[in-house]
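K.L.:
Just upload-v2.pdb, nothing more (PDB, C-alpha atoms and all ligand atoms):
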ATOM      1  CA  MET A  60     -25.616 178.827  -9.658
ATOM      2  CA  THR A  61     -28.651 180.578  -8.208
ATOM      3  CA  LEU A  62     -31.431 182.027 -10.263
ATOM      4  CA  ASN A  63     -30.463 185.370  -8.889
ATOM      5  CA  VAL A  64     -26.930 185.137 -10.288
ATOM      6  CA  LEU A  65     -28.216 183.899 -13.660
ATOM      7  CA  LEU A  66     -30.607 186.804 -13.792
ATOM      8  CA  ARG A  67     -27.867 189.218 -12.943
ATOM      9  CA  GLN A  68     -25.599 187.731 -15.588
ATOM     10  CA  GLY A  69     -28.444 187.917 -18.059
ATOM     11  CA  GLN A  70     -29.058 191.501 -17.098
ATOM     12  CA  VAL A  71     -25.412 192.339 -17.466
ATOM     13  CA  ALA A  72     -25.328 190.726 -20.925
ATOM     14  CA  PHE A  73     -28.476 192.566 -21.908
ATOM     15  CA  LEU A  74     -27.105 195.821 -20.623
ATOM     16  CA  ALA A  75     -23.821 195.270 -22.416
ATOM     17  CA  LEU A  76     -25.624 194.538 -25.694
ATOM     18  CA  GLY A  77     -27.771 197.588 -25.175
ATOM     19  CA  LEU A  78     -24.708 199.736 -24.582
ATOM     20  CA  ILE A  79     -22.938 198.367 -27.655
ATOM     21  CA  GLY A  80     -26.064 199.048 -29.715
ATOM     22  CA  PHE A  81     -26.314 202.552 -28.322
ATOM     23  CA  GLY A  82     -22.616 203.152 -28.864
ATOM     24  CA  MET A  83     -22.779 202.037 -32.477
ATOM     25  CA  ALA A  84     -25.813 204.184 -33.179
ATOM     26  CA  ALA A  85     -24.010 207.163 -31.668
ATOM     27  CA  VAL A  86     -20.889 206.505 -33.730
ATOM     28  CA  GLN A  87     -22.951 206.129 -36.911
ATOM     29  CA  ALA A  88     -24.847 209.344 -36.226
ATOM     30  CA  GLU A  89     -21.563 211.138 -35.588
ATOM     31  CA  GLU A  90     -20.035 209.820 -38.809
ATOM     32  CA  ALA A  91     -23.068 210.693 -40.868
ATOM     33  CA  SER A  92     -22.915 214.248 -39.555
ATOM     34  CA  LEU A  93     -19.205 214.482 -40.297
ATOM     35  CA  ASP A  94     -19.507 213.643 -43.956
ATOM     36  CA  ARG A  95     -21.122 216.937 -44.811
ATOM     37  CA  PRO A  96     -22.833 216.699 -48.194
ATOM     38  CA  ILE A  97     -21.749 218.982 -51.026
ATOM     39  CA  GLU A  98     -24.776 221.276 -50.501
ATOM     40  CA  LYS A  99     -23.623 221.916 -46.945
ATOM     41  CA  VAL A 100     -19.972 222.408 -47.919
ATOM     42  CA  LEU A 101     -21.046 224.996 -50.492
ATOM     43  CA  GLU A 102     -22.537 227.295 -47.847
ATOM     44  CA  PRO A 103     -19.859 230.006 -47.624
ATOM     45  CA  ILE A 104     -18.582 231.010 -44.190
ATOM     46  CA  GLN A 105     -17.550 234.648 -43.711
ATOM     47  CA  LEU A 106     -14.326 235.372 -41.802
ATOM     48  CA  THR A 107     -13.715 239.113 -42.379
ATOM     49  CA  ASP A 108     -15.443 241.798 -44.463
ATOM     50  CA  ARG A 109     -13.783 240.444 -47.577
ATOM     51  CA  VAL A 110     -12.715 236.881 -46.774
ATOM     52  CA  HIS A 111     -14.949 233.788 -46.957
ATOM     53  CA  TYR A 112     -14.292 230.073 -47.115
ATOM     54  CA  PHE A 113     -15.926 226.751 -47.931
ATOM     55  CA  TYR A 114     -15.495 224.325 -45.054
ATOM     56  CA  GLY A 115     -14.858 220.915 -46.608
ATOM     57  CA  SER A 116     -16.113 217.617 -45.242
ATOM     58  CA  LEU A 117     -13.750 215.934 -42.765
ATOM     59  CA  GLU A 118     -14.447 212.513 -44.272
ATOM     60  CA  ASN A 119     -12.837 210.716 -47.181
ATOM     61  CA  ARG A 120     -14.002 211.463 -50.716
ATOM     62  CA  THR A 121     -17.554 210.131 -51.283
ATOM     63  CA  PRO A 122     -20.360 210.574 -53.825
ATOM     64  CA  THR A 123     -22.046 212.668 -51.109
ATOM     65  CA  ASN A 124     -19.243 215.232 -50.723
ATOM     66  CA  LEU A 125     -18.048 214.900 -54.367
ATOM     67  CA  GLY A 126     -14.438 215.066 -53.177
ATOM     68  CA  PHE A 127     -14.817 218.447 -51.445
ATOM     69  CA  THR A 128     -12.998 217.258 -48.332
ATOM     70  CA  ASN A 129     -10.689 220.277 -48.124
ATOM     71  CA  ASN A 130     -11.167 224.000 -47.590
ATOM     72  CA  THR A 131     -11.155 226.573 -50.358
ATOM     73  CA  GLY A 132     -11.684 230.310 -50.020
ATOM     74  CA  PHE A 133     -12.672 233.471 -51.811
ATOM     75  CA  VAL A 134     -11.895 237.119 -51.268
ATOM     76  CA  VAL A 135     -14.133 239.933 -52.459
ATOM     77  CA  THR A 136     -11.908 242.798 -53.642
ATOM     78  CA  ASP A 137     -12.943 246.142 -55.143
ATOM     79  CA  GLU A 138     -12.328 244.776 -58.631
ATOM     80  CA  GLY A 139     -13.486 241.181 -58.490
ATOM     81  CA  VAL A 140     -13.370 237.941 -56.572
ATOM     82  CA  VAL A 141     -10.130 236.051 -56.001
ATOM     83  CA  LEU A 142     -10.563 232.367 -55.412
ATOM     84  CA  ILE A 143      -8.116 230.403 -53.293
ATOM     85  CA  ASP A 144      -8.213 226.936 -54.934
ATOM     86  CA  SER A 145     -10.849 225.769 -57.379
ATOM     87  CA  GLY A 146     -12.244 222.570 -55.830
ATOM     88  CA  PRO A 147     -12.380 218.930 -56.959
ATOM     89  CA  SER A 148     -14.053 219.070 -60.391
ATOM     90  CA  TYR A 149     -15.523 221.075 -63.246
ATOM     91  CA  GLN A 150     -19.072 220.551 -61.996
ATOM     92  CA  VAL A 151     -18.331 221.468 -58.395
ATOM     93  CA  ALA A 152     -16.534 224.596 -59.664
ATOM     94  CA  GLN A 153     -19.733 225.607 -61.434
ATOM     95  CA  ARG A 154     -21.676 225.171 -58.202
ATOM     96  CA  MET A 155     -19.022 227.051 -56.269
ATOM     97  CA  GLU A 156     -19.444 229.989 -58.650
ATOM     98  CA  LYS A 157     -23.195 229.984 -57.949
ATOM     99  CA  ALA A 158     -22.615 229.928 -54.209
ATOM    100  CA  ILE A 159     -20.246 232.905 -54.506
ATOM    101  CA  ALA A 160     -22.825 234.765 -56.606
ATOM    102  CA  GLY A 161     -25.085 234.570 -53.549
ATOM    103  CA  VAL A 162     -22.539 236.714 -51.675
ATOM    104  CA  THR A 163     -21.396 239.216 -54.330
ATOM    105  CA  ASP A 164     -22.249 240.341 -57.883
ATOM    106  CA  LYS A 165     -18.561 240.724 -58.733
ATOM    107  CA  PRO A 166     -17.049 238.252 -61.208
ATOM    108  CA  ILE A 167     -14.315 235.777 -60.321
ATOM    109  CA  THR A 168     -11.190 237.283 -61.858
ATOM    110  CA  HIS A 169      -8.361 235.169 -60.406
ATOM    111  CA  VAL A 170      -7.849 231.655 -59.048
ATOM    112  CA  ILE A 171      -4.766 231.100 -56.895
ATOM    113  CA  SER A 172      -3.538 227.513 -56.373
ATOM    114  CA  VAL A 173      -2.061 226.759 -52.946
ATOM    115  CA  GLY A 174      -1.440 223.117 -53.726
ATOM    116  CA  SER A 175      -1.680 220.301 -56.202
ATOM    117  CA  GLN A 176      -3.858 217.703 -54.504
ATOM    118  CA  ASP A 177      -6.903 216.828 -56.678
ATOM    119  CA  HIS A 178      -9.520 218.797 -54.726
ATOM    120  CA  ARG A 179      -7.403 221.948 -54.706
ATOM    121  CA  TRP A 180      -7.213 222.573 -58.412
ATOM    122  CA  LEU A 181      -9.284 220.250 -60.655
ATOM    123  CA  GLY A 182     -11.962 222.976 -60.904
ATOM    124  CA  ASN A 183      -9.416 225.229 -62.677
ATOM    125  CA  GLY A 184     -10.694 224.333 -66.145
ATOM    126  CA  TYR A 185     -14.158 225.731 -65.445
ATOM    127  CA  PHE A 186     -12.923 229.083 -64.113
ATOM    128  CA  HIS A 187     -10.371 229.367 -66.903
ATOM    129  CA  GLU A 188     -13.217 228.962 -69.415
ATOM    130  CA  GLN A 189     -15.068 231.809 -67.706
ATOM    131  CA  GLY A 190     -12.054 234.052 -68.236
ATOM    132  CA  ALA A 191     -10.463 233.961 -64.789
ATOM    133  CA  GLU A 192      -6.686 234.167 -64.589
ATOM    134  CA  LEU A 193      -5.034 231.071 -63.078
ATOM    135  CA  VAL A 194      -2.245 232.077 -60.687
ATOM    136  CA  ALA A 195       0.326 229.601 -59.372
ATOM    137  CA  LEU A 196       4.004 229.328 -58.620
ATOM    138  CA  GLN A 197       5.997 227.235 -61.064
ATOM    139  CA  ARG A 198       6.631 224.546 -58.438
ATOM    140  CA  THR A 199       2.926 224.071 -57.774
ATOM    141  CA  ALA A 200       1.898 224.085 -61.432
ATOM    142  CA  SER A 201       4.511 221.501 -62.370
ATOM    143  CA  THR A 202       3.320 219.037 -59.687
ATOM    144  CA  GLN A 203      -0.223 219.580 -60.972
ATOM    145  CA  ALA A 204       0.853 218.844 -64.544
ATOM    146  CA  ASP A 205       2.596 215.630 -63.431
ATOM    147  CA  ARG A 206      -0.349 214.304 -61.457
ATOM    148  CA  GLY A 207      -3.533 215.639 -63.039
ATOM    149  CA  GLU A 208      -4.583 212.705 -65.224
ATOM    150  CA  GLY A 209      -4.037 210.148 -62.479
ATOM    151  CA  GLN A 210      -5.886 212.295 -59.944
ATOM    152  CA  ILE A 211      -8.971 212.554 -62.161
ATOM    153  CA  ALA A 212      -9.040 208.769 -62.603
ATOM    154  CA  SER A 213      -8.746 208.019 -58.896
ATOM    155  CA  LEU A 214     -11.218 210.707 -57.868
ATOM    156  CA  ALA A 215     -13.729 209.208 -60.339
ATOM    157  CA  ASN A 216     -13.346 205.918 -58.438
ATOM    158  CA  SER A 217     -14.411 207.631 -55.211
ATOM    159  CA  VAL A 218     -17.134 210.007 -56.381
ATOM    160  CA  GLY A 219     -18.332 208.387 -59.623
ATOM    161  CA  GLU A 220     -17.473 208.896 -63.307
ATOM    162  CA  GLU A 221     -20.456 211.150 -63.915
ATOM    163  CA  ALA A 222     -19.479 213.607 -61.213
ATOM    164  CA  MET A 223     -16.097 214.059 -62.894
ATOM    165  CA  GLU A 224     -17.460 214.598 -66.414
ATOM    166  CA  GLY A 225     -16.022 217.754 -67.974
ATOM    167  CA  THR A 226     -12.996 217.805 -65.678
ATOM    168  CA  GLN A 227      -9.631 218.362 -67.347
ATOM    169  CA  PRO A 228      -6.276 219.044 -65.727
ATOM    170  CA  VAL A 229      -5.605 222.761 -66.310
ATOM    171  CA  PRO A 230      -2.573 224.093 -64.437
ATOM    172  CA  ALA A 231      -1.810 227.839 -64.685
ATOM    173  CA  PRO A 232      -0.534 228.424 -68.261
ATOM    174  CA  ASN A 233       1.983 231.097 -67.182
ATOM    175  CA  PRO A 234       3.167 230.075 -63.732
ATOM    176  CA  ILE A 235       5.408 232.372 -61.672
ATOM    177  CA  ASP A 236       9.042 231.351 -61.459
ATOM    178  CA  ALA A 237       9.681 232.519 -57.870
ATOM    179  CA  ASP A 238       9.244 231.344 -54.287
ATOM    180  CA  GLU A 239       7.447 234.494 -53.176
ATOM    181  CA  TYR A 240       5.118 236.674 -55.187
ATOM    182  CA  THR A 241       2.587 239.353 -54.336
ATOM    183  CA  LEU A 242      -0.559 239.608 -56.416
ATOM    184  CA  THR A 243      -2.583 242.787 -55.879
ATOM    185  CA  VAL A 244      -6.231 242.806 -56.952
ATOM    186  CA  GLY A 245      -8.713 245.560 -56.137
ATOM    187  CA  GLY A 246      -6.638 246.957 -53.297
ATOM    188  CA  VAL A 247      -5.972 243.575 -51.635
ATOM    189  CA  ASP A 248      -2.496 242.044 -51.437
ATOM    190  CA  PHE A 249      -2.139 238.280 -51.759
ATOM    191  CA  GLU A 250       1.324 237.061 -50.804
ATOM    192  CA  LEU A 251       2.074 233.653 -52.298
ATOM    193  CA  ILE A 252       4.722 232.042 -50.101
ATOM    194  CA  TYR A 253       6.633 228.835 -50.715
ATOM    195  CA  ALA A 254       8.357 227.834 -47.467
ATOM    196  CA  GLY A 255       9.193 224.201 -48.190
ATOM    197  CA  ASP A 256       7.583 221.126 -49.718
ATOM    198  CA  ALA A 257       4.832 219.840 -47.483
ATOM    199  CA  HIS A 258       1.951 217.508 -48.282
ATOM    200  CA  PHE A 259       2.816 217.722 -51.992
ATOM    201  CA  PRO A 260       5.945 219.164 -53.611
ATOM    202  CA  GLY A 261       5.368 222.858 -54.282
ATOM    203  CA  ASP A 262       2.654 223.492 -51.654
ATOM    204  CA  ILE A 263       2.400 227.160 -50.734
ATOM    205  CA  MET A 264       0.407 229.399 -48.397
ATOM    206  CA  VAL A 265      -1.345 232.662 -49.179
ATOM    207  CA  HIS A 266      -1.047 235.536 -46.717
ATOM    208  CA  LEU A 267      -3.445 238.461 -46.813
ATOM    209  CA  PRO A 268      -1.622 240.998 -44.623
ATOM    210  CA  GLY A 269      -4.462 243.528 -44.817
ATOM    211  CA  GLU A 270      -6.926 240.956 -43.473
ATOM    212  CA  ASP A 271      -4.528 239.200 -41.079
ATOM    213  CA  VAL A 272      -5.505 235.864 -42.642
ATOM    214  CA  VAL A 273      -3.386 233.011 -44.000
ATOM    215  CA  PHE A 274      -4.747 230.245 -46.210
ATOM    216  CA  THR A 275      -2.269 227.518 -45.303
ATOM    217  CA  GLY A 276      -3.272 224.799 -47.733
ATOM    218  CA  ASP A 277      -2.102 221.393 -46.575
ATOM    219  CA  ILE A 278       0.611 222.829 -44.343
ATOM    220  CA  VAL A 279      -1.999 222.873 -41.547
ATOM    221  CA  TYR A 280      -4.738 220.406 -40.640
ATOM    222  CA  THR A 281      -7.045 220.949 -37.679
ATOM    223  CA  GLU A 282      -9.700 218.627 -36.219
ATOM    224  CA  ARG A 283      -8.417 215.705 -38.247
ATOM    225  CA  MET A 284      -5.093 213.876 -38.363
ATOM    226  CA  LEU A 285      -2.808 215.156 -41.098
ATOM    227  CA  GLY A 286      -1.533 212.668 -43.638
ATOM    228  CA  ILE A 287       2.039 211.998 -44.673
ATOM    229  CA  HIS A 288       2.260 210.307 -48.071
ATOM    230  CA  PRO A 289       5.297 208.656 -49.678
ATOM    231  CA  PHE A 290       5.739 211.903 -51.675
ATOM    232  CA  SER A 291       5.255 214.237 -48.674
ATOM    233  CA  ASN A 292       8.128 215.994 -46.918
ATOM    234  CA  PRO A 293       7.482 215.987 -43.156
ATOM    235  CA  VAL A 294      10.706 217.888 -42.379
ATOM    236  CA  GLU A 295      10.049 220.811 -44.725
ATOM    237  CA  LYS A 296       6.381 220.781 -43.793
ATOM    238  CA  LEU A 297       7.508 221.519 -40.233
ATOM    239  CA  GLU A 298       9.742 224.324 -41.543
ATOM    240  CA  ALA A 299       6.789 225.747 -43.475
ATOM    241  CA  PHE A 300       4.731 225.585 -40.287
ATOM    242  CA  ARG A 301       7.417 227.535 -38.414
ATOM    243  CA  HIS A 302       7.377 230.116 -41.179
ATOM    244  CA  LEU A 303       3.621 230.447 -40.668
ATOM    245  CA  GLU A 304       4.311 231.023 -36.960
ATOM    246  CA  SER A 305       6.655 233.861 -37.863
ATOM    247  CA  ILE A 306       3.748 235.490 -39.751
ATOM    248  CA  ASP A 307       1.468 234.800 -36.773
ATOM    249  CA  PRO A 308      -1.871 235.650 -38.409
ATOM    250  CA  ASP A 309      -5.040 236.300 -36.488
ATOM    251  CA  ILE A 310      -7.030 233.840 -38.609
ATOM    252  CA  VAL A 311      -5.737 230.554 -40.031
ATOM    253  CA  VAL A 312      -7.684 228.792 -42.761
ATOM    254  CA  PRO A 313      -6.175 225.291 -42.721
ATOM    255  CA  GLY A 314      -6.183 222.875 -45.623
ATOM    256  CA  HIS A 315      -8.586 220.691 -43.683
ATOM    257  CA  GLY A 316     -10.611 221.487 -40.550
ATOM    258  CA  ARG A 317     -12.458 224.625 -39.533
ATOM    259  CA  ALA A 318     -10.856 228.071 -39.710
ATOM    260  CA  THR A 319      -9.119 228.800 -36.458
ATOM    261  CA  ASP A 320      -6.237 230.562 -34.681
ATOM    262  CA  MET A 321      -2.527 229.822 -34.385
ATOM    263  CA  ALA A 322      -2.986 228.068 -31.025
ATOM    264  CA  GLU A 323      -5.139 225.308 -32.496
ATOM    265  CA  ALA A 324      -2.939 225.087 -35.593
ATOM    266  CA  ARG A 325       0.063 224.599 -33.286
ATOM    267  CA  GLN A 326      -1.717 221.960 -31.229
ATOM    268  CA  ASP A 327      -3.133 219.888 -34.112
ATOM    269  CA  THR A 328      -0.283 220.246 -36.638
ATOM    270  CA  GLY A 329       2.854 222.011 -35.317
ATOM    271  CA  ASP A 330       3.195 219.963 -32.132
ATOM    272  CA  TYR A 331       2.505 216.736 -34.011
ATOM    273  CA  LEU A 332       5.122 217.371 -36.701
ATOM    274  CA  GLU A 333       7.605 218.545 -34.078
ATOM    275  CA  LEU A 334       7.181 215.332 -32.083
ATOM    276  CA  LEU A 335       7.259 213.103 -35.143
ATOM    277  CA  VAL A 336      10.449 214.558 -36.583
ATOM    278  CA  ARG A 337      12.215 214.705 -33.194
ATOM    279  CA  GLU A 338      11.287 211.192 -32.012
ATOM    280  CA  VAL A 339      11.813 209.455 -35.343
ATOM    281  CA  THR A 340      15.220 211.119 -35.804
ATOM    282  CA  ALA A 341      16.239 210.058 -32.288
ATOM    283  CA  GLY A 342      15.054 206.506 -32.986
ATOM    284  CA  ILE A 343      17.060 206.219 -36.198
ATOM    285  CA  GLU A 344      20.156 207.608 -34.477
ATOM    286  CA  ASP A 345      19.699 204.981 -31.708
ATOM    287  CA  TRP A 346      19.457 202.153 -34.298
ATOM    288  CA  GLU A 347      15.796 201.534 -33.514
ATOM    289  CA  SER A 348      14.049 199.622 -36.317
ATOM    290  CA  LEU A 349      11.092 201.059 -38.199
ATOM    291  CA  GLY A 350       8.743 198.663 -36.376
ATOM    292  CA  GLU A 351      10.160 199.622 -32.982
ATOM    293  CA  VAL A 352       9.683 203.321 -33.638
ATOM    294  CA  VAL A 353       6.135 202.825 -34.930
ATOM    295  CA  ASP A 354       5.288 200.803 -31.793
ATOM    296  CA  ARG A 355       6.982 203.238 -29.421
ATOM    297  CA  LEU A 356       5.002 206.168 -30.829
ATOM    298  CA  ALA A 357       1.713 204.296 -31.403
ATOM    299  CA  ASP A 358      -0.224 205.861 -28.517
ATOM    300  CA  LEU A 359       0.014 209.617 -28.444
ATOM    301  CA  GLU A 360      -2.817 210.641 -26.126
ATOM    302  CA  GLN A 361      -2.491 214.332 -26.967
ATOM    303  CA  PHE A 362      -3.429 213.693 -30.607
ATOM    304  CA  LYS A 363      -6.152 211.063 -30.224
ATOM    305  CA  HIS A 364      -8.875 213.716 -30.440
ATOM    306  CA  LEU A 365      -7.983 214.136 -34.118
ATOM    307  CA  ARG A 366     -10.338 212.326 -36.488
ATOM    308  CA  HIS A 367      -8.714 209.530 -38.488
ATOM    309  CA  TYR A 368      -5.964 209.110 -35.879
ATOM    310  CA  ASP A 369      -6.373 205.323 -36.115
ATOM    311  CA  ASP A 370      -6.094 205.315 -39.919
ATOM    312  CA  TRP A 371      -3.268 207.766 -40.338
ATOM    313  CA  HIS A 372      -1.013 207.951 -37.321
ATOM    314  CA  ARG A 373       0.960 204.704 -37.732
ATOM    315  CA  PRO A 374       1.483 205.179 -41.489
ATOM    316  CA  ASN A 375       2.623 208.744 -40.717
ATOM    317  CA  VAL A 376       5.326 207.484 -38.331
ATOM    318  CA  ASN A 377       6.285 204.817 -40.848
ATOM    319  CA  ARG A 378       6.651 207.266 -43.737
ATOM    320  CA  THR A 379       8.480 209.835 -41.627
ATOM    321  CA  TYR A 380      10.968 207.128 -40.675
ATOM    322  CA  LEU A 381      11.546 206.145 -44.310
ATOM    323  CA  PHE A 382      11.816 209.789 -45.344
ATOM    324  CA  ILE A 383      14.341 210.776 -42.671
ATOM    325  CA  GLU A 384      16.375 207.602 -43.067
ATOM    326  CA  GLY A 385      16.476 208.112 -46.831
ATOM    327  CA  ASN A 386      17.690 211.686 -46.437
ATOM    328  CA  MET A 387      20.428 211.131 -43.819
TER     329      MET A 387
HETATM  330 ZN    ZN B 401      -5.365 217.953 -48.500
END
Please go through the file and, once you have read it, give me the structure as structure tokens.
P.N.:
Amino acid sequence: MTLNVLLRQGQVAFLALGLIGFGMAAVQAEEASLDRPIEKVLEPIQLTDRVHYFYGSLENRTPTNLGFTNNTGFVVTDEGVVLIDSGPSYQVAQRMEKAIAGVTDKPITHVISVGSQDHRWLGNGYFHEQGAELVALQRTASTQADRGEGQIASLANSVGEEAMEGTQPVPAPNPIDADEYTLTVGGVDFELIYAGDAHFPGDIMVHLPGEDVVFTGDIVYTERMLGIHPFSNPVEKLEAFRHLESIDPDIVVPGHGRATDMAEARQDTGDYLELLVREVTAGIEDWESLGEVVDRLADLEQFKHLRHYDDWHRPNVNRTYLFIEGNM
């Protein structure tokens, strides 16, 4: 082997190492920027004259984001502020109230729950203490009551015991026994709509017809891969998504990912659910095994831009298979 070749090989190795190093640094920088700290999440983003939201971190729950990895919102009406979801804990709820006070002097009078995942409602206790009315459909409140204690324990594992101090599970004391309900506060209509179980049993969306905005809760994820849990219902989640399409709002505030329009919601959630349900159903009907279906659907180029694709996509196919097979 000539010196020249050795040198070239050496150079190639050096270059390759350099590239790997550069690549890793870039990935780390990107990840650091994606776990937005709680201070950053608590900077409200305005969508219309009245409607604002808190854009949760896209990462998993950490001591840095304190579990605020979802979106919540607030609406300034003529008579007070209506909160859409209360956040992950008592202490974060307190900080959320401060952040809202930077936008308006009006008090928070109502808190609507769109879902029952930990970070959607564990701040309820704080706002309830301040005199706000907790508003939820019966279906949502009963899932919250079933899961609250366990959620507080597991969230404490991710964000630390101290951060969860003061947090109690407080579902709405007088939940609404209906699938649709309109709350009117200060001239603004809030339509609570249950259109099928989704991420959790009893997930709903909130439509503000006067603002042309829908808070979708976990029915829609953008920017990141949605998650299907053993207790999720991928089939009804798709039906709920189609219901959202029939409303066709100008602005969509997803459960996770930045506020957007229906086109992005369709691309990141609707198309994915559509494909999953169609392909898994076809596989089961063709006697394909669970493993075969997971392998066949492993590489979906059109969804690889979604963060956490590698963590969530295969389990999603797996759980959709088990769900559909179990319900045939
Ligand atoms: Zn969620």
K.L.:
Take the PyMOL selection byres (((not hetatm)) within 10 of (chain B and resi 401)), apply it to the structure above, and return the hits as an MDAnalysis selection string.
P.N.:
chainID A and resid 127:130 174:179 258:259 276:280 285:286 313:315
K.L.:
Run the PyMOL selection byres (((chain A and resi 184) around 10) and not hetatm) on the file and write out the hits as a VMD selection string.
P.N.:
chain A and resid 145 148 to 149 152 180 to 183 185 to 189 191 193 225 to 231
K.L.:
Taking the file as I've supplied it (selection: the PyMOL selection byres (((chain A and resi 260) around 10) and not hetatm)), which residues are included? Please answer as a PDB file with C-alpha atoms, in the coordinates of the input.
P.N.:
ATOM      1  CA  GLY A 174      -1.440 223.117 -53.726  1.00  0.00           C
ATOM      2  CA  SER A 175      -1.680 220.301 -56.202  1.00  0.00           C
ATOM      3  CA  GLN A 176      -3.858 217.703 -54.504  1.00  0.00           C
ATOM      4  CA  ARG A 198       6.631 224.546 -58.438  1.00  0.00           C
ATOM      5  CA  THR A 199       2.926 224.071 -57.774  1.00  0.00           C
ATOM      6  CA  SER A 201       4.511 221.501 -62.370  1.00  0.00           C
ATOM      7  CA  THR A 202       3.320 219.037 -59.687  1.00  0.00           C
ATOM      8  CA  GLN A 203      -0.223 219.580 -60.972  1.00  0.00           C
ATOM      9  CA  GLY A 255       9.193 224.201 -48.190  1.00  0.00           C
ATOM     10  CA  ASP A 256       7.583 221.126 -49.718  1.00  0.00           C
ATOM     11  CA  ALA A 257       4.832 219.840 -47.483  1.00  0.00           C
ATOM     12  CA  HIS A 258       1.951 217.508 -48.282  1.00  0.00           C
ATOM     13  CA  PHE A 259       2.816 217.722 -51.992  1.00  0.00           C
ATOM     14  CA  GLY A 261       5.368 222.858 -54.282  1.00  0.00           C
ATOM     15  CA  ASP A 262       2.654 223.492 -51.654  1.00  0.00           C
ATOM     16  CA  ILE A 263       2.400 227.160 -50.734  1.00  0.00           C
ATOM     17  CA  PHE A 290       5.739 211.903 -51.675  1.00  0.00           C
ATOM     18  CA  SER A 291       5.255 214.237 -48.674  1.00  0.00           C
ATOM     19  CA  ASN A 292       8.128 215.994 -46.918  1.00  0.00           C
ATOM     20  CA  GLU A 295      10.049 220.811 -44.725  1.00  0.00           C
ATOM     21  CA  LYS A 296       6.381 220.781 -43.793  1.00  0.00           C
TER      22      LYS A 296
END
K.L.:
Set the distance at 7 Å and use all atoms listed in the file: which residues neighbour region 318-326 of chain A once local chain neighbours fewer than 2 positions away are removed? I'd like the list as a ChimeraX atom specification.
P.N.:
/A:279,281,307,309-313,316,328-330
K.L.:
So the first atom is CA of Thr275 (chain A) and the second is CA of Met223 (chain A); what is the distance between them in Å, to one decimal place?
P.N.:
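Going from CA of Thr275 (chain A) over to CA of Met223 (chain A), I get 26.1 Å.
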K.L.:
Using only C-alpha atoms, can you tell me which of A:Ile104, A:Val218, A:Met264, A:Val272 comes closest to Phe300 (chain A)?
P.N.:
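Using only C-alpha atoms, Phe300 (chain A) sits closest to A:Met264.
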K.L.:
Any idea what's packed within 12 Å of Ala160 (chain A), counting only C-alpha atoms, ignoring anything in its chain fewer than 6 positions away? Could you give it as an NGL selection string?
P.N.:
:A and (101-103 or 133 or 135 or 139-140 or 153-154 or 166-167)
K.L.:
Mind running region 240-337 of chain A against region 348-358 of chain A at 12 Å and telling me each contacting residue's nearest atom pair with the distance in Å (one decimal), counting all atoms listed in the file, chain and number ascending, as a tab-separated table?
P.N.:
residue	atom	partner	partner_atom	distance
A:Tyr331	CA	A:Leu356	CA	11.3
A:Leu334	CA	A:Leu356	CA	9.5
A:Leu335	CA	A:Leu356	CA	8.5
A:Val336	CA	A:Leu356	CA	11.5
A:Arg337	CA	A:Leu356	CA	11.4
K.L.:
To one decimal place, how far is CA of Pro96 (chain A) from CA of Arg283 (chain A) in Å?
P.N.:
17.5 Å
K.L.:
Could you check which of A:Thr107, A:Asn119, A:Thr136, A:Gln150 is closest to Val247 (chain A), using only C-alpha atoms?
P.N.:
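With only C-alpha atoms as the atom set, the closest residue is A:Thr136.
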K.L.:
Please, what distance in Å, to one decimal, runs between CA of Thr131 (chain A) and CA of Pro374 (chain A)?
P.N.:
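Interatomic distance here is 26.4 Å.
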K.L.:
For each of A:Pro147, A:Gly161, A:Gly190, A:Gly385, take the minimum atom-to-atom distance to Ser213 (chain A), counting only C-alpha atoms, then give the residue where this is smallest.
P.N.:
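Closest residue, counting only C-alpha atoms: A:Pro147.
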K.L.:
Within 6 Å of region 232-243 of chain A, counting only C-alpha atoms, which residues show up once you throw out same-chain ones fewer than 3 positions away? Write them as a VMD selection string, please.
P.N.:
chain A and resid 195 to 197 247 to 253
K.L.:
Excluding Ile171 (chain A) and residues on its chain fewer than 2 positions from it, collect all residues at most 8 Å away from it, counting only C-alpha atoms, and give them as a PyMOL selection string.
P.N.:
chain A and resi 141-144+169+173+193-195
K.L.:
Excluding region 359-364 of chain A and its own-chain neighbours fewer than 6 positions away, which residues fall within 8 Å of it when counting all atoms listed in the file? Please give them as a VMD selection string.
P.N.:
chain A and resid 282 284 327 331
K.L.:
Complete region 333-338 of chain A at the level of N, CA and C atoms, written as an mmCIF file, in the frame of the given file.
P.N.:
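Okay, this is what ended up in rebuild.cif:
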data_model
loop_
_atom_site.group_PDB
_atom_site.id
_atom_site.type_symbol
_atom_site.label_atom_id
_atom_site.label_comp_id
_atom_site.auth_asym_id
_atom_site.auth_seq_id
_atom_site.Cartn_x
_atom_site.Cartn_y
_atom_site.Cartn_z
ATOM 1 N N GLU A 333 6.434 218.353 -34.927
ATOM 2 C CA GLU A 333 7.605 218.545 -34.078
ATOM 3 C C GLU A 333 7.969 217.218 -33.383
ATOM 4 N N LEU A 334 6.953 216.589 -32.796
ATOM 5 C CA LEU A 334 7.181 215.332 -32.083
ATOM 6 C C LEU A 334 7.630 214.223 -33.042
ATOM 7 N N LEU A 335 6.954 214.149 -34.168
ATOM 8 C CA LEU A 335 7.259 213.103 -35.143
ATOM 9 C C LEU A 335 8.714 213.201 -35.605
ATOM 10 N N VAL A 336 9.108 214.392 -36.034
ATOM 11 C CA VAL A 336 10.449 214.558 -36.583
ATOM 12 C C VAL A 336 11.507 214.325 -35.483
ATOM 13 N N ARG A 337 11.250 214.860 -34.295
ATOM 14 C CA ARG A 337 12.215 214.705 -33.194
ATOM 15 C C ARG A 337 12.365 213.236 -32.788
ATOM 16 N N GLU A 338 11.242 212.559 -32.542
ATOM 17 C CA GLU A 338 11.287 211.192 -32.012
ATOM 18 C C GLU A 338 11.775 210.189 -33.068
#
